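**Q** Provided below: query.cif, containing mmCIF, C-alpha atoms.
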data_data
loop_
_atom_site.label_atom_id
_atom_site.label_comp_id
_atom_site.auth_asym_id
_atom_site.auth_seq_id
_atom_site.Cartn_x
_atom_site.Cartn_y
_atom_site.Cartn_z
CA MET A 1448 -95.40 -26.75 35.48
CA SER A 1449 -99.12 -26.80 35.92
CA GLY A 1450 -98.84 -29.66 38.36
CA ALA A 1451 -100.98 -31.81 36.10
CA GLY A 1452 -98.14 -34.24 35.90
CA ASN A 1453 -100.35 -37.27 35.61
CA ALA A 1454 -101.40 -36.78 32.02
CA VAL A 1455 -99.48 -36.83 28.81
CA ILE A 1456 -99.53 -33.49 27.10
CA PHE A 1457 -100.44 -34.09 23.49
CA ALA A 1458 -100.11 -31.43 20.85
CA GLY A 1459 -101.13 -31.69 17.24
CA ASP A 1460 -99.39 -30.67 14.05
CA ASP A 1461 -101.47 -27.57 13.47
CA PRO A 1462 -99.48 -24.42 14.24
CA GLY A 1463 -102.61 -22.99 15.86
CA ASP A 1464 -102.36 -25.83 18.35
CA GLU A 1465 -100.28 -25.95 21.48
CA THR A 1466 -97.17 -26.95 19.56
CA THR A 1467 -94.43 -24.50 20.27
CA LEU A 1468 -92.13 -22.96 17.74
CA LEU A 1469 -89.29 -24.94 19.27
CA ASP A 1470 -91.08 -28.18 18.46
CA ILE A 1471 -91.79 -27.08 14.93
CA LEU A 1472 -88.18 -26.09 14.38
CA ASP A 1473 -86.99 -29.31 15.99
CA HIS A 1474 -88.87 -31.44 13.53
CA VAL A 1475 -88.87 -29.27 10.44
CA LEU A 1476 -85.16 -28.61 10.66
CA ASN A 1477 -84.19 -32.05 11.85
CA GLN A 1478 -83.65 -33.85 8.57
CA GLY A 1479 -85.75 -34.22 5.50
CA VAL A 1480 -84.55 -35.83 2.31
CA ILE A 1481 -81.02 -34.72 1.71
CA LEU A 1482 -80.52 -34.33 -1.95
CA ARG A 1483 -76.88 -33.43 -1.94
CA GLY A 1484 -74.07 -32.73 0.53
CA ASN A 1485 -74.07 -30.06 3.10
CA VAL A 1486 -73.15 -26.88 1.31
CA ILE A 1487 -74.64 -24.62 -1.22
CA ILE A 1488 -74.14 -26.33 -4.52
CA SER A 1489 -74.54 -25.06 -7.98
CA LEU A 1490 -73.28 -27.67 -10.37
CA ALA A 1491 -73.47 -27.34 -14.08
CA GLY A 1492 -75.70 -30.38 -14.44
CA VAL A 1493 -77.86 -30.01 -11.39
CA ASP A 1494 -78.70 -26.53 -10.26
CA LEU A 1495 -79.56 -27.21 -6.69
CA VAL A 1496 -79.14 -24.93 -3.77
CA PHE A 1497 -79.07 -26.34 -0.32
CA LEU A 1498 -78.16 -24.89 3.01
CA GLY A 1499 -76.53 -27.12 5.62
CA LEU A 1500 -78.40 -27.96 8.79
CA ASP A 1501 -75.56 -26.78 10.98
CA VAL A 1502 -75.76 -23.33 9.53
CA ILE A 1503 -79.47 -23.27 10.14
CA LEU A 1504 -79.18 -24.41 13.73
CA THR A 1505 -76.41 -22.00 14.52
CA SER A 1506 -78.59 -19.29 13.11
CA VAL A 1507 -81.57 -20.36 15.17
CA GLU A 1508 -79.59 -20.35 18.37
CA THR A 1509 -78.02 -17.01 17.55
CA ALA A 1510 -81.37 -15.53 16.70
CA LEU A 1511 -83.00 -16.84 19.86
CA LYS A 1512 -80.21 -15.44 21.96
CA HIS A 1513 -80.63 -12.08 20.32
CA MET A 1514 -84.26 -12.13 21.21
CA GLY A 1515 -83.51 -13.17 24.76
CA ALA A 1516 -85.79 -16.13 24.21
CA ALA A 1517 -85.74 -19.08 26.56
CA LEU A 1518 -83.07 -21.21 25.04
CA PRO A 1519 -80.39 -21.97 27.58
CA PRO A 1520 -77.16 -23.24 26.12
CA ALA A 1521 -77.04 -26.97 25.51
CA LYS A 1522 -74.51 -27.60 28.21
CA MET B 632 -92.62 -8.11 1.34
CA ALA B 633 -92.49 -11.16 -0.85
CA ALA B 634 -96.06 -10.45 -1.88
CA GLU B 635 -94.92 -7.82 -4.32
CA LEU B 636 -93.93 -9.14 -7.65
CA LYS B 637 -90.38 -8.01 -7.75
CA ASN B 638 -88.81 -8.36 -11.08
CA ASP B 639 -86.47 -11.04 -9.89
CA ARG B 640 -85.66 -14.55 -10.81
CA ARG B 641 -87.86 -17.34 -9.49
CA VAL B 642 -86.55 -20.65 -8.23
CA LEU B 643 -88.35 -23.84 -7.24
CA TYR B 644 -88.66 -24.47 -3.52
CA LEU B 645 -89.17 -28.20 -3.01
CA TYR B 646 -91.34 -29.40 -0.09
CA GLY B 647 -91.42 -33.10 -0.68
CA ILE B 648 -92.09 -36.01 -2.94
CA THR B 649 -95.13 -38.27 -3.16
CA GLU B 650 -95.93 -41.37 -5.15
CA SER B 651 -99.52 -40.45 -5.74
CA ARG B 652 -101.38 -37.25 -6.34
CA PRO B 653 -103.94 -36.45 -3.65
CA ARG B 654 -107.33 -35.66 -5.14
CA ASP B 655 -108.86 -33.36 -2.53
CA LEU B 656 -105.92 -31.18 -1.71
CA PRO B 657 -107.03 -27.65 -0.81
CA GLU B 658 -105.15 -24.80 -2.42
CA LEU B 659 -101.92 -24.34 -0.53
CA ILE B 660 -99.76 -21.25 -0.26
CA GLY B 661 -96.01 -21.65 -0.27
CA VAL B 662 -93.23 -20.58 2.06
CA ASP B 663 -93.25 -17.01 0.75
CA ARG B 664 -96.94 -16.75 1.76
CA PHE B 665 -97.72 -15.74 -1.80
CA ALA B 666 -97.12 -18.29 -4.53
CA PRO B 667 -99.38 -21.35 -4.72
CA VAL B 668 -98.02 -24.84 -4.21
CA GLU B 669 -97.89 -26.89 -7.41
CA PHE B 670 -96.77 -30.35 -8.31
CA ILE B 671 -94.42 -31.45 -11.04
CA ASP B 672 -94.73 -34.98 -12.35
CA CYS B 673 -91.20 -36.32 -12.74
CA ASP B 674 -91.65 -39.67 -14.39
CA GLY B 675 -94.47 -40.75 -12.11
CA VAL B 676 -93.07 -39.25 -8.92
CA PHE B 677 -94.74 -36.03 -7.76
CA CYS B 678 -92.56 -33.16 -6.60
CA TRP B 679 -94.37 -30.48 -4.59
CA ILE B 680 -92.96 -27.03 -5.18
CA SER B 681 -93.71 -23.35 -5.15
CA ARG B 682 -91.98 -20.65 -7.13
CA VAL B 683 -90.11 -18.33 -4.82
CA SER B 684 -87.86 -15.36 -5.21
CA ALA B 685 -84.26 -16.31 -5.90
CA ASP B 686 -83.32 -13.21 -3.96
CA ASP B 687 -84.94 -14.46 -0.75
CA PHE B 688 -84.29 -18.18 -1.08
CA GLU B 689 -81.01 -18.44 -2.86
CA GLU B 690 -78.80 -15.39 -2.56
CA SER B 691 -80.03 -14.24 0.86
CA LEU B 692 -81.05 -17.57 2.34
CA GLU B 693 -78.21 -17.70 4.81
CA ARG B 694 -78.81 -14.15 5.97
CA ASN B 695 -82.55 -14.73 6.22
CA MET B 696 -81.93 -17.75 8.42
CA GLU B 697 -80.41 -15.48 11.01
CA ASN B 698 -83.62 -13.54 11.23
CA LEU B 699 -85.76 -15.50 13.65
CA ASP B 700 -88.97 -13.87 12.50
CA TRP B 701 -88.28 -14.92 8.94
CA LEU B 702 -87.18 -18.38 9.98
CA ALA B 703 -90.21 -18.89 12.22
CA GLU B 704 -92.70 -17.79 9.59
CA THR B 705 -91.01 -19.72 6.84
CA SER B 706 -90.61 -22.95 8.75
CA VAL B 707 -94.22 -22.82 9.92
CA ALA B 708 -95.30 -22.27 6.31
CA HIS B 709 -93.04 -25.16 5.22
CA GLN B 710 -94.60 -27.40 7.87
CA ARG B 711 -98.15 -26.37 6.90
CA VAL B 712 -97.66 -27.33 3.28
CA ILE B 713 -96.09 -30.69 4.03
CA ALA B 714 -98.59 -31.53 6.78
CA ALA B 715 -101.51 -30.75 4.47
CA ILE B 716 -100.15 -33.12 1.83
CA ALA B 717 -99.23 -35.72 4.47
CA ARG B 718 -102.85 -35.82 5.63
CA GLN B 719 -103.77 -37.22 2.23
CA THR B 720 -100.86 -39.29 1.10
CA ASP B 721 -97.44 -40.47 2.24
CA ILE B 722 -94.81 -37.84 1.60
CA LEU B 723 -91.04 -37.77 1.82
CA PRO B 724 -90.40 -34.27 3.12
CA THR B 725 -87.37 -32.52 1.71
CA ARG B 726 -84.97 -30.69 3.91
CA PHE B 727 -85.84 -27.11 4.74
CA GLY B 728 -84.27 -24.71 2.25
CA THR B 729 -83.92 -27.01 -0.76
CA VAL B 730 -84.22 -25.00 -3.91
CA PHE B 731 -83.79 -25.90 -7.58
CA ARG B 732 -83.13 -23.42 -10.30
CA THR B 733 -85.17 -25.06 -13.02
CA GLN B 734 -87.86 -27.67 -13.43
CA ASP B 735 -85.57 -29.57 -15.71
CA SER B 736 -82.76 -29.82 -13.16
CA LEU B 737 -85.23 -30.84 -10.46
CA CYS B 738 -86.65 -33.70 -12.53
CA LYS B 739 -83.25 -34.86 -13.68
CA HIS B 740 -82.08 -35.06 -10.10
CA ILE B 741 -85.19 -36.79 -8.78
CA VAL B 742 -85.44 -39.35 -11.56
CA LYS B 743 -81.90 -40.50 -10.84
CA ARG B 744 -82.83 -41.14 -7.24
CA VAL B 745 -86.13 -42.94 -7.75
CA PRO B 746 -84.95 -46.41 -6.60
CA GLY B 747 -83.68 -44.99 -3.30
CA LEU B 748 -86.82 -42.93 -2.86
CA LYS B 749 -89.00 -46.01 -3.40
CA LYS B 750 -87.24 -47.72 -0.53
CA ASP B 751 -87.89 -44.72 1.68
CA PHE B 752 -91.56 -44.74 0.71
CA GLY B 753 -91.72 -48.36 1.82
CA ARG B 754 -90.27 -47.45 5.22
CA ILE B 755 -92.60 -44.55 5.98
CA LYS B 756 -95.75 -46.10 4.52
CA GLY B 757 -98.74 -45.58 6.79
CA ALA B 758 -96.59 -44.10 9.54
CA ASP B 759 -96.25 -40.73 11.27
CA GLU B 760 -93.45 -39.09 13.15
CA TRP B 761 -94.02 -38.28 16.82
CA GLY B 762 -91.91 -36.25 19.18
CA VAL B 763 -91.66 -37.41 22.77
CA LYS B 764 -90.07 -35.40 25.57
CA VAL B 765 -89.76 -36.21 29.25
CA PHE B 766 -89.25 -33.39 31.73
CA SER B 767 -88.36 -33.74 35.38
CA ILE B 768 -90.87 -31.95 37.52
CA GLN B 769 -88.92 -29.44 39.54
CA PRO B 770 -89.92 -28.17 42.93
CA ALA B 771 -90.82 -24.51 43.14
CA VAL B 772 -87.89 -22.25 43.91
CA SER B 773 -89.74 -20.90 46.95
CA THR B 774 -88.82 -24.06 48.85
CA VAL B 775 -85.39 -22.52 49.29
CA SER B 776 -86.48 -20.58 52.30
CA LYS B 777 -84.08 -21.42 55.08
CA VAL B 778 -80.89 -20.29 53.44
CA ARG B 779 -78.51 -18.26 55.48
CA SER B 780 -75.70 -17.76 53.05
CA GLY B 781 -75.02 -17.69 49.37
CA LYS B 782 -73.46 -21.13 49.67
CA ASP B 783 -76.63 -22.55 51.26
CA TYR B 784 -78.64 -21.09 48.47
CA LEU B 785 -76.47 -22.51 45.74
CA GLN B 786 -76.41 -25.93 47.38
CA ALA B 787 -80.17 -25.97 47.78
CA LYS B 788 -80.58 -24.87 44.20
CA ALA B 789 -78.13 -27.46 42.91
CA ALA B 790 -80.10 -30.13 44.73
CA MET B 791 -83.16 -29.16 42.74
CA LEU B 792 -81.58 -29.30 39.35
CA PRO B 793 -81.94 -32.52 37.44
CA ASN B 794 -78.81 -34.49 37.96
CA ARG B 795 -77.75 -36.25 34.83
CA ARG B 796 -75.37 -38.67 36.44
CA SER B 797 -76.92 -39.63 39.74
CA LYS B 798 -79.94 -41.76 40.57
CA PRO B 799 -79.30 -44.87 38.52
CA ALA B 800 -82.81 -46.08 39.36
CA ALA B 801 -84.29 -42.99 37.77
CA ARG B 802 -82.14 -43.43 34.70
CA GLY B 803 -83.15 -47.07 34.60
CA ASP B 804 -86.74 -45.90 34.37
CA LEU B 805 -85.92 -43.79 31.39
CA ILE B 806 -84.14 -46.67 29.72
CA LYS B 807 -87.19 -48.83 30.30
CA PHE B 808 -89.33 -46.12 28.77
CA GLU B 809 -87.04 -45.85 25.77
CA ARG B 810 -87.11 -49.62 25.21
CA ALA B 811 -90.89 -49.70 25.48
CA LEU B 812 -91.13 -46.95 22.87
CA GLU B 813 -88.70 -48.79 20.62
CA SER B 814 -90.81 -51.91 20.79
CA ILE B 815 -93.77 -50.02 19.34
CA ALA B 816 -92.02 -47.64 16.95
CA ALA B 817 -90.92 -48.78 13.51
CA GLU B 818 -87.83 -46.60 13.94
CA THR B 819 -86.48 -44.00 16.32
CA ALA B 820 -84.23 -41.03 15.67
CA PRO B 821 -82.52 -38.38 17.72
CA VAL B 822 -84.20 -35.00 17.68
CA GLY B 823 -83.89 -31.79 19.60
CA ASN B 824 -81.11 -29.83 18.02
CA VAL B 825 -83.15 -26.73 18.64
CA SER B 826 -84.88 -27.44 21.94
CA ARG B 827 -82.36 -29.64 23.74
CA GLY B 828 -81.59 -26.84 26.19
CA GLN B 829 -85.11 -26.73 27.63
CA ARG B 830 -85.15 -26.73 31.39
CA GLY B 831 -85.72 -30.08 33.03
CA LEU B 832 -85.60 -32.02 29.79
CA SER B 833 -84.33 -35.50 30.57
CA PHE B 834 -85.29 -37.50 27.48
CA GLN B 835 -86.17 -36.66 23.92
CA ALA B 836 -86.72 -38.76 20.82
CA SER B 837 -88.44 -38.80 17.51
CA LEU B 838 -90.40 -41.94 16.65
CA LEU B 839 -91.82 -43.34 13.47
CA VAL B 840 -95.09 -45.01 14.45
CA LYS B 841 -97.39 -46.92 12.14
CA ARG B 842 -100.93 -45.55 12.31
CA SER B 843 -102.16 -49.04 13.21
CA LYS B 844 -100.11 -48.81 16.40
CA ARG B 845 -101.12 -45.33 17.42
CA LYS B 846 -103.49 -46.48 20.17
CA ARG B 847 -100.84 -48.71 21.71
CA PHE B 848 -98.37 -45.87 21.54
CA GLU B 849 -100.73 -43.48 23.31
CA SER B 850 -101.60 -46.03 26.00
CA LEU B 851 -97.92 -46.59 26.65
CA LEU B 852 -97.31 -42.88 27.13
CA GLU B 853 -100.30 -42.62 29.41
CA LYS B 854 -99.16 -45.55 31.50
CA PHE B 855 -95.73 -44.05 32.07
CA ALA B 856 -97.25 -40.63 32.71
CA ARG B 857 -99.41 -42.16 35.44
CA ASP B 858 -96.46 -43.98 36.98
CA TRP B 859 -94.36 -40.85 36.90
CA ALA B 860 -97.04 -38.44 38.04
CA GLN B 861 -94.91 -37.05 40.85
CA ASP B 862 -91.55 -36.91 39.15
CA ARG B 863 -91.88 -36.42 35.46
CA ARG B 864 -94.03 -34.92 32.78
CA ILE B 865 -94.34 -36.38 29.28
CA GLU B 866 -94.98 -34.19 26.28
CA CYS B 867 -95.88 -35.68 22.95
CA THR B 868 -96.20 -33.77 19.68
CA GLY B 869 -97.43 -35.04 16.37
CA PRO B 870 -98.36 -36.44 14.03
CA TRP B 871 -95.52 -34.88 12.05
CA PRO B 872 -94.56 -35.75 8.51
CA PRO B 873 -91.61 -38.14 8.72
CA TYR B 874 -88.95 -35.41 8.69
CA SER B 875 -86.48 -37.38 10.77
CA PHE B 876 -86.76 -40.68 8.90
CA VAL B 877 -86.12 -39.97 5.28
CA SER B 878 -82.55 -38.92 5.02
CA ARG B 879 -79.72 -41.02 3.80
CA PRO B 880 -76.48 -40.65 5.65
CA ALA B 881 -74.34 -38.02 4.01
CA ASP B 882 -71.41 -40.42 3.60
CA LYS B 883 -73.54 -42.76 1.53
CA LEU B 884 -74.37 -39.89 -0.72
CA ARG B 885 -70.79 -38.85 -1.03
CA ALA B 886 -69.74 -42.41 -1.73
CA LYS B 887 -71.81 -42.35 -4.89
#
Let me see the file written as structure tokens.
**A**
Amino acid sequence: MSGAGNAVIFAGDDPGDETTLLDILDHVLNQGVILRGNVIISLAGVDLVFLGLDVILTSVETALKHMGAALPPAK
Amino acid sequence: MAAELKNDRRVLYLYGITESRPRDLPELIGVDRFAPVEFIDCDGVFCWISRVSADDFEESLERNMENLDWLAETSVAHQRVIAAIARQTDILPTRFGTVFRTQDSLCKHIVKRVPGLKKDFGRIKGADEWGVKVFSIQPAVSTVSKVRSGKDYLQAKAAMLPNRRSKPAARGDLIKFERALESIAAETAPVGNVSRGQRGLSFQASLLVKRSKRKRFESLLEKFARDWAQDRRIECTGPWPPYSFVSRPADKLRAK
């Protein structure tokens, strides 16, 4: 965009840096250690709650659309 | 909002797991921007947690996720905690939104998985995650000046959009780029569930790069950026904790 197409744009991991929220969400929500399946679980032995990634991503896209943020549909 | 001590139940929000306990870790504040981050020693594996409201992170988690302000603040806070620990020691970050009800259930669960976790520690040892994106540089819209009809305009505009199927030579360049990255990275993973719709984006990947290879990695990006100066722009973000390289396929888990 700036025309400075001859340099790599590097951004660090500090949120105060140039990293955009999209990048943070991309990485933070990408994976991580999955401890159990993909739904909210509350078993007798292991009381673990986990929300599936798909739900999160759908929510992100919905929320961005509501805000009119720049997130064109994937296709 | 979460700063007030509501009389509600607390649950343990898990950020990640480390094999050692960093000595100079500054005090960290958790995802609710209130409770401090603590560690729990589960049989020699350290689980990094903070105590959060069950209301916000269990019952209403799904609803909260639909609130972008909440999601943005919480995921940035999540990232800050994990990145701060990652600067000092290798960490296996847990998936966003993983909450345990009790310390006992957390430890029980983790201890059972220690052998698998050890393998993952071996894979991510001394490595960081990096995000690489390639964008096509698009001509300014003002170049569409000689249009006489709507059809002309649409045709001119279509010509400017990145064409995914045409230009095999251009795609060949991207494949070359991808291969070069793969030769340096310990592993690669798809990324971009959130940002894949960005305009002009023609390539995106997440890479696990050993710190000893960081210079080579940066030189490679710079070389391609120079070669592509007219056509493409490369964006690189990182170092990230290895979010994209620590998960076991769900079917393996289910098979257990």
**Q** Take the PyMOL selection byres ((chain B and resi 734) around 12), apply it to the structure above, and return the hits as a ChimeraX atom specification.
**A** /A:1493-1495 /B:641-645,669-673,678-682,730-733,735-741
**Q** Counting all atoms listed in the file, which residue out of B:Ile815, B:Val822, B:Ile768, B:Ala717 sits closest to Ile1471 of chain A?
**A** B:Val822
**Q** Compute the set of chain B residues within 6 Å of chain A, using all atoms listed in the file, and express it as a PyMOL selection string.
**A** chain B and resi 696-697+699+724-726+729-732+736+823+825-826+828+853+856-857+860+864-870+874-875+877-878
**Q** Provide the atom CA of Trp761 of chain B to atom CA of Arg711 of chain B distance in Å, to one decimal place.
**A**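 Spanning atom CA of Trp761 of chain B to atom CA of Arg711 of chain B is a straight-line distance of 16.0 Å.
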**Q** Given the file above and the PyMOL selection byres ((chain B and resi 708) around 9), which residues are selected, and can you give them as a PyMOL selection string?
**A** chain B and resi 660-664+703-707+709-713
**Q** Identify which of the residues B:Gly831, B:Pro653, B:Pro821, B:Gly675 lies closest to Gly762 of chain B, counting all atoms listed in the file when measuring atom-to-atom distances.
**A** B:Pro821
**Q** Mind checking which residues fall within 10 Å of Asp639 of chain B, counting all atoms listed in the file, ignoring those fewer than 4 positions away in the same chain, and posting them as a list in words?
**A**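 In the requested format, the answer is Val683, Ser684, Ala685, Asp686 and Asp687 of chain B.
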**Q** Mind pulling up the distance from atom CA of Leu723 of chain B to atom CA of Arg744 of chain B?
**A**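 Atom CA of Arg744 of chain B sits 12.7 Å away from atom CA of Leu723 of chain B.
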**Q** Tell me which of B:Lys750, B:Arg847, B:Lys764, B:Arg654 sits closest to Arg830 of chain B, counting only C-alpha atoms.
**A** B:Lys764
**Q** Rounded to one decimal place, report the atom CA of Lys841 of chain B-atom CA of Ala820 of chain B distance in Å.
**A**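 These atoms are spaced 14.8 Å apart.
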**Q** Smallest atom-to-atom distance to Asp804 of chain B: which of B:Glu849, B:Asp759, B:Asp700, B:Asp858, using only C-alpha atoms?
**A**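 Among B:Glu849, B:Asp759, B:Asp700, B:Asp858, it is B:Asp858 that comes nearest to Asp804 of chain B.
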**Q** If you count all atoms listed in the file, which residues fall within 10 Å of Ile755 of chain B, apart from same-chain ones fewer than 2 positions away, as a compact mmCIF listing (two decimals) with C-alpha atoms, in the coordinates of the input?
**A**
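After the write, part10.txt holds the following:
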# COMPACT_ATOMS: atom_id res chain seq x y z
CA ASP B 721 -97.44 -40.47 2.24
CA ILE B 722 -94.81 -37.84 1.60
CA LEU B 723 -91.04 -37.77 1.82
CA LYS B 750 -87.24 -47.72 -0.53
CA ASP B 751 -87.89 -44.72 1.68
CA PHE B 752 -91.56 -44.74 0.71
CA GLY B 753 -91.72 -48.36 1.82
CA GLY B 757 -98.74 -45.58 6.79
CA ALA B 758 -96.59 -44.10 9.54
CA ASP B 759 -96.25 -40.73 11.27
CA GLU B 760 -93.45 -39.09 13.15
CA ALA B 817 -90.92 -48.78 13.51
CA GLU B 818 -87.83 -46.60 13.94
CA LEU B 839 -91.82 -43.34 13.47
CA VAL B 840 -95.09 -45.01 14.45
CA LYS B 841 -97.39 -46.92 12.14
CA PRO B 872 -94.56 -35.75 8.51
CA PRO B 873 -91.61 -38.14 8.72
CA PHE B 876 -86.76 -40.68 8.90
CA VAL B 877 -86.12 -39.97 5.28
**Q** Which is closer to Glu809 of chain B than all the others in B:Leu852, B:Val745, B:Leu785, B:Val668, using only C-alpha atoms?
**A**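 Of B:Leu852, B:Val745, B:Leu785, B:Val668, the one nearest Glu809 of chain B is B:Leu852, counting only C-alpha atoms.
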